[in-house]
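For reference, final_1.csv is printed below; it contains CSV, C-alpha atoms.
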```csv
chain,number,residue,atom,x,y,z
N,1448,MET,CA,-5.5,23.9,61.7
N,1449,THR,CA,-3.8,22.2,58.7
N,1450,THR,CA,-1.5,19.5,59.9
N,1451,ARG,CA,1.3,18.0,57.8
N,1452,ARG,CA,-0.7,14.8,57.5
N,1453,SER,CA,-3.9,16.5,56.3
N,1454,PHE,CA,-1.9,18.7,53.9
N,1455,LEU,CA,-0.2,15.6,52.4
N,1456,LYS,CA,-3.6,13.8,52.2
N,1457,THR,CA,-5.2,16.8,50.4
N,1458,THR,CA,-2.3,17.1,48.1
N,1459,ALA,CA,-2.4,13.4,47.3
N,1460,VAL,CA,-6.1,13.6,46.5
N,1461,ALA,CA,-5.6,16.6,44.2
N,1462,SER,CA,-2.7,14.8,42.5
N,1463,ALA,CA,-4.8,11.8,41.9
N,1464,GLY,CA,-7.5,14.0,40.4
N,1465,LEU,CA,-4.9,15.6,38.1
N,1466,LEU,CA,-3.7,12.2,36.9
N,1467,LEU,CA,-7.3,11.0,36.3
N,1468,ALA,CA,-8.5,14.2,34.6
N,1469,PRO,CA,-5.5,16.3,33.6
N,1470,ASP,CA,-7.6,18.4,31.2
N,1471,LEU,CA,-9.5,19.9,34.1
N,1472,PHE,CA,-6.3,21.5,35.4
N,1473,ALA,CA,-4.6,22.4,32.0
N,1474,ALA,CA,-4.7,25.8,30.6
N,1475,PRO,CA,-7.2,26.2,27.7
N,1476,LYS,CA,-5.6,25.3,24.4
N,1477,LYS,CA,-5.0,28.4,22.3
N,1478,THR,CA,-6.8,28.4,18.9
N,1479,LEU,CA,-4.2,29.2,16.2
N,1480,ILE,CA,-5.5,31.1,13.2
N,1481,GLY,CA,-2.7,32.2,10.9
N,1482,THR,CA,-2.4,34.6,7.9
N,1483,GLN,CA,0.1,34.8,5.1
N,1484,LEU,CA,1.5,38.3,5.0
N,1485,TYR,CA,1.6,38.2,1.2
N,1486,THR,CA,-2.1,39.3,1.5
N,1487,VAL,CA,-0.9,42.6,2.9
N,1488,ARG,CA,2.4,42.8,1.0
N,1489,ASP,CA,2.0,46.5,-0.1
N,1490,LEU,CA,1.1,47.6,3.5
N,1491,MET,CA,3.9,45.6,4.9
N,1492,ALA,CA,6.3,47.3,2.5
N,1493,SER,CA,5.2,50.8,3.5
N,1494,ASP,CA,4.4,50.3,7.2
N,1495,PRO,CA,5.3,46.9,8.6
N,1496,LEU,CA,4.9,47.9,12.3
N,1497,GLY,CA,1.5,49.5,11.8
N,1498,THR,CA,0.3,46.6,9.6
N,1499,LEU,CA,1.3,43.9,12.0
N,1500,ALA,CA,-0.6,45.7,14.8
N,1501,LYS,CA,-3.7,45.7,12.6
N,1502,VAL,CA,-3.3,42.1,11.7
N,1503,ALA,CA,-3.1,41.2,15.4
N,1504,LYS,CA,-6.1,43.3,16.1
N,1505,ILE,CA,-8.2,41.3,13.6
N,1506,GLY,CA,-7.4,38.2,15.8
N,1507,PHE,CA,-4.7,36.4,13.9
N,1508,ASN,CA,-2.0,35.1,16.2
N,1509,THR,CA,0.4,33.3,13.8
N,1510,VAL,CA,1.8,34.5,10.5
N,1511,GLU,CA,3.8,33.3,7.6
N,1512,GLY,CA,6.3,35.6,6.0
N,1513,ALA,CA,6.7,36.3,2.3
N,1514,THR,CA,10.1,38.0,2.2
N,1515,TYR,CA,13.7,37.1,2.8
N,1516,THR,CA,15.2,36.1,-0.6
N,1517,GLY,CA,17.5,38.8,-1.9
N,1518,THR,CA,17.7,41.0,1.1
N,1519,GLU,CA,18.1,38.2,3.7
N,1520,LEU,CA,15.9,40.3,5.9
N,1521,PHE,CA,12.4,39.9,7.2
N,1522,TYR,CA,10.5,43.0,6.0
N,1523,GLY,CA,13.6,45.0,6.2
N,1524,MET,CA,14.6,43.7,9.7
N,1525,PRO,CA,17.1,41.2,10.9
N,1526,ALA,CA,15.7,38.0,12.4
N,1527,SER,CA,15.9,39.0,16.1
N,1528,GLN,CA,14.4,42.4,15.6
N,1529,PHE,CA,11.5,41.1,13.5
N,1530,LYS,CA,10.8,38.4,16.1
N,1531,ASN,CA,10.6,41.0,18.8
N,1532,VAL,CA,8.2,43.2,16.8
N,1533,LEU,CA,6.0,40.2,16.3
N,1534,SER,CA,6.1,39.3,20.0
N,1535,ASP,CA,5.2,42.8,20.9
N,1536,ASN,CA,2.0,42.3,18.9
N,1537,GLY,CA,1.2,38.9,20.3
N,1538,LEU,CA,2.2,37.2,17.0
N,1539,GLU,CA,4.4,34.3,16.1
N,1540,MET,CA,6.0,33.7,12.7
N,1541,ILE,CA,5.6,29.9,12.2
N,1542,SER,CA,6.9,29.8,8.6
N,1543,ASN,CA,8.4,31.9,5.8
N,1544,HIS,CA,8.6,31.6,2.1
N,1545,TYR,CA,11.8,31.2,0.1
N,1546,LEU,CA,12.7,30.7,-3.6
N,1547,LEU,CA,14.6,27.8,-5.2
N,1548,GLY,CA,17.0,30.2,-6.8
N,1549,GLU,CA,17.9,28.4,-10.0
N,1550,GLN,CA,16.6,31.4,-12.0
N,1551,MET,CA,18.1,34.0,-9.6
N,1552,LYS,CA,21.8,33.1,-9.6
N,1553,ASP,CA,23.0,36.2,-7.8
N,1554,ALA,CA,20.1,36.4,-5.2
N,1555,LYS,CA,21.1,35.2,-1.7
N,1556,GLY,CA,18.8,33.6,0.7
N,1557,THR,CA,17.5,30.9,-1.6
N,1558,VAL,CA,17.6,27.1,-1.6
N,1559,SER,CA,20.5,27.4,-4.1
N,1560,ASN,CA,22.5,30.3,-2.7
N,1561,ASP,CA,23.4,31.0,1.0
N,1562,TRP,CA,20.9,28.5,2.3
N,1563,GLN,CA,22.8,27.9,5.5
N,1564,LYS,CA,22.4,31.6,6.5
N,1565,ALA,CA,18.7,31.4,5.6
N,1566,VAL,CA,18.4,28.4,7.9
N,1567,ASP,CA,20.3,30.1,10.7
N,1568,ASP,CA,18.2,33.3,10.4
N,1569,ALA,CA,15.0,31.2,10.3
N,1570,ALA,CA,16.0,29.5,13.6
N,1571,GLU,CA,16.8,32.9,15.2
N,1572,ALA,CA,13.5,34.3,14.1
N,1573,GLY,CA,11.8,31.3,15.9
N,1574,LEU,CA,10.4,29.7,12.8
N,1575,LYS,CA,9.3,26.1,12.7
N,1576,TYR,CA,8.9,25.8,8.9
N,1577,MET,CA,10.7,27.0,5.8
N,1578,VAL,CA,8.8,26.8,2.5
N,1579,CYS,CA,9.9,26.8,-1.1
N,1580,ALA,CA,7.2,29.0,-2.5
N,1581,TYR,CA,7.3,28.8,-6.2
N,1582,LEU,CA,9.1,27.4,-9.3
N,1583,PHE,CA,9.6,29.9,-12.2
N,1584,ASP,CA,9.0,28.7,-15.7
N,1585,ASN,CA,12.6,27.6,-16.3
N,1586,GLU,CA,12.7,25.8,-12.9
N,1587,ARG,CA,10.0,23.4,-14.0
N,1588,GLY,CA,10.7,21.6,-17.2
N,1589,THR,CA,10.6,17.8,-17.6
N,1590,LEU,CA,9.7,15.1,-15.1
N,1591,ASP,CA,13.5,14.5,-14.7
N,1592,HIS,CA,14.0,18.1,-13.7
N,1593,TYR,CA,11.1,17.9,-11.1
N,1594,LYS,CA,12.8,14.7,-9.8
N,1595,GLN,CA,16.1,16.6,-9.5
N,1596,THR,CA,14.3,19.5,-7.8
N,1597,ALA,CA,12.8,17.1,-5.3
N,1598,GLU,CA,16.2,15.6,-4.5
N,1599,LYS,CA,17.7,19.1,-4.1
N,1600,LEU,CA,14.9,20.1,-1.8
N,1601,SER,CA,15.4,17.0,0.3
N,1602,SER,CA,19.1,17.9,0.7
N,1603,ALA,CA,18.1,21.5,1.7
N,1604,GLY,CA,15.5,20.0,4.1
N,1605,GLU,CA,18.2,17.9,5.7
N,1606,VAL,CA,20.2,21.1,6.5
N,1607,ALA,CA,17.0,22.7,7.9
N,1608,LYS,CA,16.2,19.7,10.0
N,1609,LYS,CA,19.6,19.9,11.7
N,1610,ALA,CA,18.5,23.4,12.9
N,1611,GLY,CA,15.1,22.0,14.1
N,1612,LEU,CA,13.2,23.3,11.1
N,1613,GLN,CA,11.0,21.5,8.5
N,1614,LEU,CA,11.2,22.3,4.8
N,1615,CYS,CA,8.0,22.3,2.8
N,1616,TYR,CA,7.0,22.9,-0.8
N,1617,HIS,CA,4.1,25.1,-1.7
N,1618,ASN,CA,2.0,24.1,-4.8
N,1619,HIS,CA,0.3,26.1,-7.4
N,1620,ASN,CA,-1.6,24.4,-10.3
N,1621,PHE,CA,1.2,23.9,-12.8
N,1622,GLU,CA,2.4,20.8,-10.8
N,1623,PHE,CA,-0.7,19.0,-12.0
N,1624,ILE,CA,-0.2,19.4,-15.7
N,1625,GLU,CA,0.4,15.8,-16.8
N,1626,GLN,CA,3.6,14.7,-18.5
N,1627,ASP,CA,4.0,11.2,-19.9
N,1628,GLY,CA,1.1,10.0,-17.9
N,1629,LYS,CA,2.5,11.4,-14.6
N,1630,LEU,CA,1.9,14.5,-12.5
N,1631,PRO,CA,5.0,16.5,-11.5
N,1632,TYR,CA,3.4,16.8,-8.0
N,1633,ASP,CA,3.5,13.0,-7.6
N,1634,VAL,CA,7.1,12.9,-8.9
N,1635,MET,CA,8.2,15.5,-6.3
N,1636,LEU,CA,6.4,13.6,-3.5
N,1637,GLN,CA,7.7,10.2,-4.6
N,1638,ASN,CA,11.3,11.4,-5.1
N,1639,SER,CA,11.8,13.3,-1.9
N,1640,ASP,CA,12.6,12.1,1.6
N,1641,PRO,CA,9.4,12.5,3.7
N,1642,ASN,CA,11.5,13.4,6.7
N,1643,TYR,CA,13.2,16.3,4.9
N,1644,LEU,CA,10.5,17.6,2.6
N,1645,LYS,CA,6.8,17.9,3.4
N,1646,MET,CA,4.1,20.0,1.6
N,1647,GLU,CA,2.3,23.2,2.2
N,1648,MET,CA,-1.0,22.5,0.4
N,1649,ASP,CA,-2.6,25.6,-1.2
N,1650,ILE,CA,-6.2,24.4,-1.2
N,1651,TYR,CA,-7.3,27.0,-3.7
N,1652,TRP,CA,-4.7,25.9,-6.3
N,1653,ILE,CA,-5.6,22.3,-5.8
N,1654,TYR,CA,-9.2,23.0,-6.8
N,1655,LYS,CA,-8.0,25.3,-9.6
N,1656,ALA,CA,-6.1,22.3,-10.9
N,1657,LYS,CA,-9.3,20.2,-10.7
N,1658,GLN,CA,-7.8,17.9,-8.1
N,1659,ASP,CA,-9.3,16.4,-4.9
N,1660,PRO,CA,-7.3,17.4,-1.8
N,1661,ILE,CA,-8.8,14.5,0.2
N,1662,ALA,CA,-7.6,12.0,-2.3
N,1663,ILE,CA,-4.1,13.5,-2.1
N,1664,PHE,CA,-4.2,13.3,1.7
N,1665,ASN,CA,-5.2,9.6,1.4
N,1666,LYS,CA,-2.4,8.9,-1.0
N,1667,TYR,CA,0.3,10.7,1.0
N,1668,PRO,CA,-0.9,10.8,4.6
N,1669,GLY,CA,0.9,13.0,7.0
N,1670,ARG,CA,2.9,14.9,4.4
N,1671,PHE,CA,0.9,18.2,4.7
N,1672,PRO,CA,1.6,20.0,7.9
N,1673,LEU,CA,0.9,23.4,6.4
N,1674,TRP,CA,-2.2,24.6,4.5
N,1675,HIS,CA,-3.1,27.8,2.7
N,1676,VAL,CA,-6.7,28.6,3.2
N,1677,LYS,CA,-8.2,30.8,0.5
N,1678,ASP,CA,-11.4,30.6,-1.4
N,1679,MET,CA,-12.5,30.5,-5.1
N,1680,ASP,CA,-15.4,32.6,-6.3
N,1681,ASN,CA,-18.3,31.1,-8.3
N,1682,THR,CA,-17.4,32.8,-11.6
N,1683,PRO,CA,-15.9,31.4,-14.8
N,1684,LYS,CA,-12.6,33.1,-13.9
N,1685,GLN,CA,-12.5,31.3,-10.5
N,1686,MET,CA,-10.8,34.3,-8.8
N,1687,PHE,CA,-9.7,34.5,-5.2
N,1688,THR,CA,-12.2,35.5,-2.6
N,1689,GLU,CA,-12.7,35.6,1.1
N,1690,VAL,CA,-13.0,32.3,2.9
N,1691,GLY,CA,-16.6,31.3,3.1
N,1692,ALA,CA,-17.7,33.5,0.2
N,1693,GLY,CA,-16.7,31.0,-2.5
N,1694,VAL,CA,-17.2,27.4,-3.6
N,1695,ILE,CA,-14.5,25.4,-1.8
N,1696,PRO,CA,-16.0,23.0,0.8
N,1697,PHE,CA,-13.6,23.9,3.6
N,1698,LYS,CA,-15.6,22.1,6.3
N,1699,THR,CA,-15.1,18.8,4.4
N,1700,VAL,CA,-11.4,19.5,3.9
N,1701,PHE,CA,-10.8,20.4,7.5
N,1702,ALA,CA,-12.5,17.2,8.6
N,1703,GLN,CA,-9.4,15.4,7.1
N,1704,ALA,CA,-6.8,17.6,8.9
N,1705,LYS,CA,-5.5,14.7,11.0
N,1706,LYS,CA,-5.1,12.4,7.9
N,1707,ALA,CA,-3.2,15.2,6.2
N,1708,GLY,CA,-1.0,15.8,9.2
N,1709,MET,CA,-2.0,19.5,9.3
N,1710,LYS,CA,-0.3,21.5,12.1
N,1711,TYR,CA,-0.8,25.1,11.0
N,1712,PHE,CA,-2.8,26.9,8.4
N,1713,PHE,CA,-2.7,30.4,7.0
N,1714,ASN,CA,-5.4,32.4,5.4
N,1715,GLU,CA,-4.2,34.0,2.2
N,1716,GLN,CA,-5.9,36.1,-0.6
N,1717,ASP,CA,-3.6,36.9,-3.5
N,1718,VAL,CA,-5.9,39.6,-4.9
N,1719,CYS,CA,-8.5,41.5,-2.9
N,1720,PRO,CA,-11.3,43.7,-4.3
N,1721,GLY,CA,-10.4,46.6,-2.0
N,1722,ASP,CA,-8.6,47.0,1.3
N,1723,PRO,CA,-6.9,43.7,2.0
N,1724,LEU,CA,-7.5,44.1,5.8
N,1725,VAL,CA,-11.3,44.2,5.2
N,1726,SER,CA,-11.0,40.9,3.2
N,1727,MET,CA,-8.9,39.5,6.1
N,1728,ILE,CA,-11.5,40.4,8.6
N,1729,LYS,CA,-14.2,38.6,6.6
N,1730,SER,CA,-12.1,35.5,6.2
N,1731,TYR,CA,-11.1,35.5,9.9
N,1732,LYS,CA,-14.7,35.7,11.0
N,1733,TYR,CA,-15.7,32.7,8.9
N,1734,ILE,CA,-12.7,30.6,9.9
N,1735,LYS,CA,-13.2,31.3,13.6
N,1736,GLU,CA,-17.0,30.6,13.5
N,1737,ASN,CA,-16.9,27.6,11.2
N,1738,LEU,CA,-13.5,25.8,10.9
N,1739,VAL,CA,-11.7,25.9,14.2
```
Would it be possible to restate this file's structure as structure tokens?
Amino acid sequence: MTTRRSFLKTTAVASAGLLLAPDLFAAPKKTLIGTQLYTVRDLMASDPLGTLAKVAKIGFNTVEGATYTGTELFYGMPASQFKNVLSDNGLEMISNHYLLGEQMKDAKGTVSNDWQKAVDDAAEAGLKYMVCAYLFDNERGTLDHYKQTAEKLSSAGEVAKKAGLQLCYHNHNFEFIEQDGKLPYDVMLQNSDPNYLKMEMDIYWIYKAKQDPIAIFNKYPGRFPLWHVKDMDNTPKQMFTEVGAGVIPFKTVFAQAKKAGMKYFFNEQDVCPGDPLVSMIKSYKYIKENLV
């Protein structure tokens, strides 16, 4: 017979054990492996529901979107609907890409035009991050222009922060073309508020620019909560390839995730040799077996 005294004693012992070893009673931590939907952009355009189901079947559980600018929709759907579609497939959209909008004066849903709605929709979709994806040629220019862009992104990041979102900037390799002894990438990092603008490091483009990601992590620790994980083939053209099939030392880079401040990463392959889903399967398998 269980008395009140014995019940309380047993409960107290169990509680003490929980305090001493909470991990024994905690649910297993979910391994997050994400993908940037740009890899399957054509499939998402023609059949978003079917494609998301296939992405989830591969094993990916988080995604980063690549549409919104112009339509102010996520793959043709308003924020709440797209969130539900993702949830039905066991997926969560952590982040989405946006454009600066200096070149696209009439396009809404950019940093420069209707940004507040973009922020509101991102929050409704359940995002944690918004990312400025790219600078067109006439959005780059001089170091002074990069400085102004950094300041503009900081202001946009402050708006995002009020909605519980973090703004990031996604690099390519043009930010590492030296001007007057300085790199535009450094100018952007040094002239932006680290609370309002962080970075999504595209590891492929860092190596394409002949830079060392670990040196960048050491110089700006904690500024890189998002990563793009895609590999570079061992040819003179240095083309995109499946993760693990190329030359980028991902195990070495992932060992510095804490220093970088990495929270989420997304596999991406801009160009695939055939069916992008086949390439995604290969990358997923390597990532799961070797990097997480």
For N:Thr1557, which residue among N:Tyr1576, N:Tyr1581, N:Tyr1731, N:Tyr1667 is the nearest when counting only C-alpha atoms?
->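 Closest candidate: N:Tyr1581.
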Counting only C-alpha atoms, find the residues whose atoms lie at most 6 Å from (16.5, 30.1, -13.9) (file coordinates) and write them out as a PyMOL selection string.
-> chain N and resi 1549-1550+1585-1586
Tell me, in Å to one decimal, how far atom CA of N:Thr1482 is from atom CA of N:Leu1614.
->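 Those two atoms sit 18.6 Å apart.
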Leaving out N:Leu1499 and any residue of its chain fewer than 4 positions from it, which residues lie within 10 Å of it when counting only C-alpha atoms, given as a PyMOL selection string?
-> chain N and resi 1484+1487+1490-1491+1494-1495+1503-1505+1507+1510+1532-1533+1535-1538
Can you work out the spacing between atom CA of N:Trp1562 and atom CA of N:Leu1590 in Å, to one decimal?
->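 So the answer is 24.7 Å.
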Subset file: stretch 1618-1644 of chain N, C-alpha atoms, as a compact mmCIF listing (two decimals), in the first residue's frame:
```txt
# COMPACT_ATOMS: atom_id res chain seq x y z
CA ASN N 1618 27.49 36.52 -48.76
CA HIS N 1619 28.71 35.53 -52.20
CA ASN N 1620 32.30 36.14 -53.30
CA PHE N 1621 32.09 39.71 -54.61
CA GLU N 1622 32.20 41.05 -51.02
CA PHE N 1623 35.83 39.89 -50.90
CA ILE N 1624 37.09 41.93 -53.85
CA GLU N 1625 39.47 44.38 -52.23
CA GLN N 1626 38.92 48.13 -52.55
CA ASP N 1627 41.48 50.62 -51.22
CA GLY N 1628 43.04 47.91 -49.10
CA LYS N 1629 39.74 46.89 -47.50
CA LEU N 1630 37.20 44.15 -48.06
CA PRO N 1631 33.54 45.16 -48.44
CA TYR N 1632 32.63 42.23 -46.18
CA ASP N 1633 34.67 43.74 -43.35
CA VAL N 1634 33.14 47.15 -44.02
CA MET N 1635 29.65 45.69 -43.68
CA LEU N 1636 30.46 43.86 -40.47
CA GLN N 1637 32.23 46.82 -38.93
CA ASN N 1638 29.54 49.37 -39.84
CA SER N 1639 26.49 47.44 -38.72
CA ASP N 1640 25.04 46.92 -35.26
CA PRO N 1641 25.78 43.30 -34.27
CA ASN N 1642 22.46 43.15 -32.43
CA TYR N 1643 20.50 44.03 -35.56
CA LEU N 1644 22.59 42.49 -38.35
```
